[in-house]
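Asks: Just dropping this structure here.
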Amino acid sequence: MVQSLDRSQGRSGTLSASGTTAPTFTGNRALQLEEKLIFEMGQPGRCGVDLPEPPKIADRLGGLRRRGAIGLPGLAEPQVVQHYTRLSQKNYAIDMGVYPLGSCTMKHNPRLNEKIARLPGFGDIHPLQPQSTVQGAFELIDELARWLKTLTGMPAVAMSPAAGAHGEMCGMMAIAAALAARGESQRKTVLVPESAHGTNPATAAALGFVVKPIPATDDGHVDVEALKAALGPDVAAIMLTNPNTCGLFERDIREVAEAVHAVGAYFYCDGANYNAIVGRVRPGDLGVDCMHINLHKTFSTPHGGGGPGSGPVVLSDRLAAYAPRPWVIRDTNGWRAAEEGASVDGQPLGRLKAFHGQMGMFTRALSYMMSHGADGLKQVAEDAVLSANYIMARLSVEMTPAFGGPCMHEALFDDSFLKDTGVSTLDFAKAMIDEGFHPMTMYFPLVVHGALLIEPTETQPKESLDQFCDALLHLARKAKSGTAVEEFHAAPTMAPRRRLDETLAARKPVLRWKPSNNPPTDAPTRQAAE
Ligand SMILES: *Cc1c(COP(=O)(O)O)cnc(C)c1O
């Protein structure tokens, strides 16, 4: 069997990576059951349904007809149900406990959102059905757009981008279009502070811009003097994340905006962390030209393997004319998605995506906004920041904050509290798994050594935060005691899988399952990544 599908590697039941032997006959760990790939379980000829023989019809495939068996695994219905149920239990999810990934904003998704998104008028519609039959859906998109514009203080919003990074692409394409309209396409430099999210330089580079990094100061903010020194007639834009990935508000943001505008460049703000300031700060007041909003972070909708994202982009007057198509408008015949006649003239950048955007995400986000109300959204930001500062204060007793002072929505620690203990950030995170916690974001942002970035969000009750902090404080003390180094190196010891060879998996991924013995002539080609 091929390497990353070698299921004995890292398995607790048999010989594990760290050399412990099977504690049980089956390899199961209590009611955590070992799981084979569905292809390994299948038996030829077995089937969960009883279908009639297909009628004999003439072959119209002109010689392209499949000759061998299709190669699907054959299983009975209970086997299929049990297989997928067991798999679902192996997923850690926000519905199971604290999910402290920094920068990812994993917050509880209220069930009300789900109920509303499943209403037949929203959930069962098709983007190709006549527009006269989906008037309510258009009105919802328009209403959501109105909320986004009001909350951000910006005059326009492009709704179709399908994720944060896609929104960045939309905004930067609008900037490129605006520069082209000004006859200034020679502006090719995009300034990206080191405290920006990694998608920012990736987006700029993908669009053919030249990325120029701007250093961070010792206190985790953008170095404004270095930024000003880098500004010039070659600069197209700055891409600044605010609050930044150090969990800090860029307090000089207005000064940055003025300096950027003074040289004729645009100000792209990465607003994926908008949940920290929603209802409190209007980016339009800060001089921002465009900003994507992750509906799937700020406005709850599930993400991270849980569903698609949505990254609408708010645009200033200077960029509104370059929004992508289509526009949702209302005329004498009602609502429709217009491909023509923007209310402003400009060269729109065409379509970014099929149809109008992510309807399910729109519905969930508007449901979240309307159920919270404007005052409730403000409280969301306040509670998210309060939770993060609570964690920061409690953990600072044993762990080392990367920067002094209060934080925004995430608490960032470096690894100096682990210095000389023989325990690394990775060991620490793995030990958290044994304690029943999904680790925080590790080794990011890069500007902090051995970073541990914790984002509790506003949706965890204090009891959960306390249990989380108690566990981390315990682990920090244990690491410093120097008596448990081997334990840390071996962790996690109680998970169904131990430490996998991540380097090998990244360098030589085996993405295709191949039968190990008696390969049938039509080997299945389904991907079986593990
Ligand atoms: C999550 C995130 C992004 C990217 O959003 P996706 O929806 O994952 O593409 C960009 N910037 C920041 C600051 C983020 O936290």
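Letters A, B, ... mark the chains of the structure tokens in the order given; residue numbers begin at 1 per chain; ligand numbers begin at 1, in order shown.
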Hey, which residues sit close to ligand 1? Say within 7 Å, counting only C-alpha atoms and all ligand atoms, and write them as a list in words.
Replies: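 Residues lying within 7 Å of ligand 1: Ser103, Cys104, Ala163, Gly164, Ala165, His166, Ala196, His197, Thr199, Asn200, Thr241, Asn244, Thr245, Asp270, Gly271, Ala272, Asn273, Asn294, Gly309, Ser310 and Gly311 of chain A.
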Asks: Within 8 Å of stretch 434-451 of chain A, counting only C-alpha atoms, which residues show up once you throw out same-chain ones fewer than 4 positions away? Write them as a VMD selection string, please.
Replies: chain A and resid 92 97 to 103 194 to 195 197 216 245 to 246 402 412 to 415 424 to 426 429 to 430 455 468 471 491 to 495
Asks: Which of stretch 93-285 of chain A end up as alpha helix (DSSP H) when DSSP is run on this backbone - answer as number ranges by chain?
Replies: A: 111-117, 120-123, 135-152, 164-181, 199-206, 224-230, 253-262
Asks: Residues of stretch 256-366 of chain A in strand (DSSP E) according to DSSP, as a PyMOL selection string?
Replies: chain A and resi 266-270+290-292+313-315+327-331+334-338
Asks: Using N, CA, C and O atoms, can you write the selected residues to a file as a PDB file, in the first residue's frame?
Replies:
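Output saved as again-v6.pdb:
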ATOM      1  N   TYR A 266      -4.452  53.667  -4.408  1.00  0.00           N
ATOM      2  CA  TYR A 266      -5.702  53.272  -3.765  1.00  0.00           C
ATOM      3  C   TYR A 266      -5.422  52.506  -2.470  1.00  0.00           C
ATOM      4  O   TYR A 266      -4.365  51.910  -2.310  1.00  0.00           O
ATOM      5  N   PHE A 267      -6.417  52.519  -1.624  1.00  0.00           N
ATOM      6  CA  PHE A 267      -6.287  51.880  -0.316  1.00  0.00           C
ATOM      7  C   PHE A 267      -7.202  50.670  -0.248  1.00  0.00           C
ATOM      8  O   PHE A 267      -8.408  50.809  -0.108  1.00  0.00           O
ATOM      9  N   TYR A 268      -6.605  49.483  -0.375  1.00  0.00           N
ATOM     10  CA  TYR A 268      -7.361  48.243  -0.198  1.00  0.00           C
ATOM     11  C   TYR A 268      -7.256  47.832   1.261  1.00  0.00           C
ATOM     12  O   TYR A 268      -6.143  47.665   1.785  1.00  0.00           O
ATOM     13  N   CYS A 269      -8.387  47.642   1.908  1.00  0.00           N
ATOM     14  CA  CYS A 269      -8.357  47.164   3.290  1.00  0.00           C
ATOM     15  C   CYS A 269      -8.897  45.746   3.332  1.00  0.00           C
ATOM     16  O   CYS A 269      -9.982  45.475   2.806  1.00  0.00           O
ATOM     17  N   ASP A 270      -8.125  44.836   3.902  1.00  0.00           N
ATOM     18  CA  ASP A 270      -8.609  43.466   4.110  1.00  0.00           C
ATOM     19  C   ASP A 270      -9.508  43.505   5.341  1.00  0.00           C
ATOM     20  O   ASP A 270      -9.048  43.717   6.461  1.00  0.00           O
ATOM     21  N   CYS A 290     -11.573  50.202  -0.953  1.00  0.00           N
ATOM     22  CA  CYS A 290     -12.355  48.972  -1.075  1.00  0.00           C
ATOM     23  C   CYS A 290     -11.938  47.990  -0.002  1.00  0.00           C
ATOM     24  O   CYS A 290     -10.804  48.016   0.485  1.00  0.00           O
ATOM     25  N   MET A 291     -12.892  47.155   0.357  1.00  0.00           N
ATOM     26  CA  MET A 291     -12.654  46.215   1.456  1.00  0.00           C
ATOM     27  C   MET A 291     -13.562  45.018   1.281  1.00  0.00           C
ATOM     28  O   MET A 291     -14.747  45.186   1.017  1.00  0.00           O
ATOM     29  N   HIS A 292     -12.996  43.825   1.378  1.00  0.00           N
ATOM     30  CA  HIS A 292     -13.882  42.656   1.346  1.00  0.00           C
ATOM     31  C   HIS A 292     -14.322  42.329   2.760  1.00  0.00           C
ATOM     32  O   HIS A 292     -13.609  42.594   3.731  1.00  0.00           O
ATOM     33  N   VAL A 313     -17.559  42.906  -1.564  1.00  0.00           N
ATOM     34  CA  VAL A 313     -16.543  43.966  -1.506  1.00  0.00           C
ATOM     35  C   VAL A 313     -17.232  45.325  -1.526  1.00  0.00           C
ATOM     36  O   VAL A 313     -17.959  45.634  -2.483  1.00  0.00           O
ATOM     37  N   VAL A 314     -17.018  46.113  -0.479  1.00  0.00           N
ATOM     38  CA  VAL A 314     -17.565  47.470  -0.491  1.00  0.00           C
ATOM     39  C   VAL A 314     -16.568  48.373  -1.209  1.00  0.00           C
ATOM     40  O   VAL A 314     -15.357  48.190  -1.109  1.00  0.00           O
ATOM     41  N   LEU A 315     -17.113  49.345  -1.944  1.00  0.00           N
ATOM     42  CA  LEU A 315     -16.284  50.190  -2.805  1.00  0.00           C
ATOM     43  C   LEU A 315     -16.582  51.662  -2.555  1.00  0.00           C
ATOM     44  O   LEU A 315     -17.735  52.041  -2.317  1.00  0.00           O
ATOM     45  N   TRP A 327     -25.516  43.690 -11.521  1.00  0.00           N
ATOM     46  CA  TRP A 327     -26.043  44.544 -10.473  1.00  0.00           C
ATOM     47  C   TRP A 327     -27.480  44.117 -10.202  1.00  0.00           C
ATOM     48  O   TRP A 327     -28.222  43.839 -11.148  1.00  0.00           O
ATOM     49  N   VAL A 328     -27.876  44.085  -8.966  1.00  0.00           N
ATOM     50  CA  VAL A 328     -29.291  43.859  -8.670  1.00  0.00           C
ATOM     51  C   VAL A 328     -29.960  45.226  -8.677  1.00  0.00           C
ATOM     52  O   VAL A 328     -29.544  46.130  -7.944  1.00  0.00           O
ATOM     53  N   ILE A 329     -30.933  45.408  -9.551  1.00  0.00           N
ATOM     54  CA  ILE A 329     -31.618  46.699  -9.601  1.00  0.00           C
ATOM     55  C   ILE A 329     -33.130  46.496  -9.592  1.00  0.00           C
ATOM     56  O   ILE A 329     -33.619  45.391  -9.830  1.00  0.00           O
ATOM     57  N   ARG A 330     -33.827  47.583  -9.338  1.00  0.00           N
ATOM     58  CA  ARG A 330     -35.281  47.519  -9.351  1.00  0.00           C
ATOM     59  C   ARG A 330     -35.759  48.573 -10.332  1.00  0.00           C
ATOM     60  O   ARG A 330     -35.399  49.747 -10.208  1.00  0.00           O
ATOM     61  N   ASP A 331     -36.563  48.155 -11.307  1.00  0.00           N
ATOM     62  CA  ASP A 331     -37.173  49.137 -12.211  1.00  0.00           C
ATOM     63  C   ASP A 331     -38.681  48.887 -12.250  1.00  0.00           C
ATOM     64  O   ASP A 331     -39.209  48.193 -11.389  1.00  0.00           O
ATOM     65  N   GLY A 334     -39.975  45.461 -11.602  1.00  0.00           N
ATOM     66  CA  GLY A 334     -39.564  44.765 -10.386  1.00  0.00           C
ATOM     67  C   GLY A 334     -38.055  44.590 -10.323  1.00  0.00           C
ATOM     68  O   GLY A 334     -37.296  45.294 -10.990  1.00  0.00           O
ATOM     69  N   TRP A 335     -37.636  43.603  -9.510  1.00  0.00           N
ATOM     70  CA  TRP A 335     -36.203  43.359  -9.297  1.00  0.00           C
ATOM     71  C   TRP A 335     -35.631  42.542 -10.439  1.00  0.00           C
ATOM     72  O   TRP A 335     -36.292  41.691 -10.984  1.00  0.00           O
ATOM     73  N   ARG A 336     -34.355  42.775 -10.756  1.00  0.00           N
ATOM     74  CA  ARG A 336     -33.677  41.899 -11.715  1.00  0.00           C
ATOM     75  C   ARG A 336     -32.173  42.057 -11.580  1.00  0.00           C
ATOM     76  O   ARG A 336     -31.677  43.010 -10.959  1.00  0.00           O
ATOM     77  N   ALA A 337     -31.456  41.095 -12.171  1.00  0.00           N
ATOM     78  CA  ALA A 337     -29.997  41.156 -12.199  1.00  0.00           C
ATOM     79  C   ALA A 337     -29.614  41.808 -13.518  1.00  0.00           C
ATOM     80  O   ALA A 337     -29.771  41.210 -14.573  1.00  0.00           O
ATOM     81  N   ALA A 338     -29.129  43.032 -13.449  1.00  0.00           N
ATOM     82  CA  ALA A 338     -28.832  43.779 -14.667  1.00  0.00           C
ATOM     83  C   ALA A 338     -27.393  43.531 -15.099  1.00  0.00           C
ATOM     84  O   ALA A 338     -26.472  43.517 -14.289  1.00  0.00           O
TER      85      ALA A 338
END
Asks: So that I can see what lies close to A:Asp375, please list as a list in words the residues with an atom at most 12 Å from it, counting only C-alpha atoms and leaving out residues fewer than 6 positions away in the same chain.
Replies: Leu151, Val278, Gly279, Arg280, Met369, Ala381 and Glu382 of chain A
Asks: Between A:Thr105, A:Asp142, A:Leu465, A:Ala226, which is the closest to A:Arg394 once you count only C-alpha atoms?
Replies: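 Once distances to A:Arg394 are computed over only C-alpha atoms, the minimum belongs to A:Leu465.
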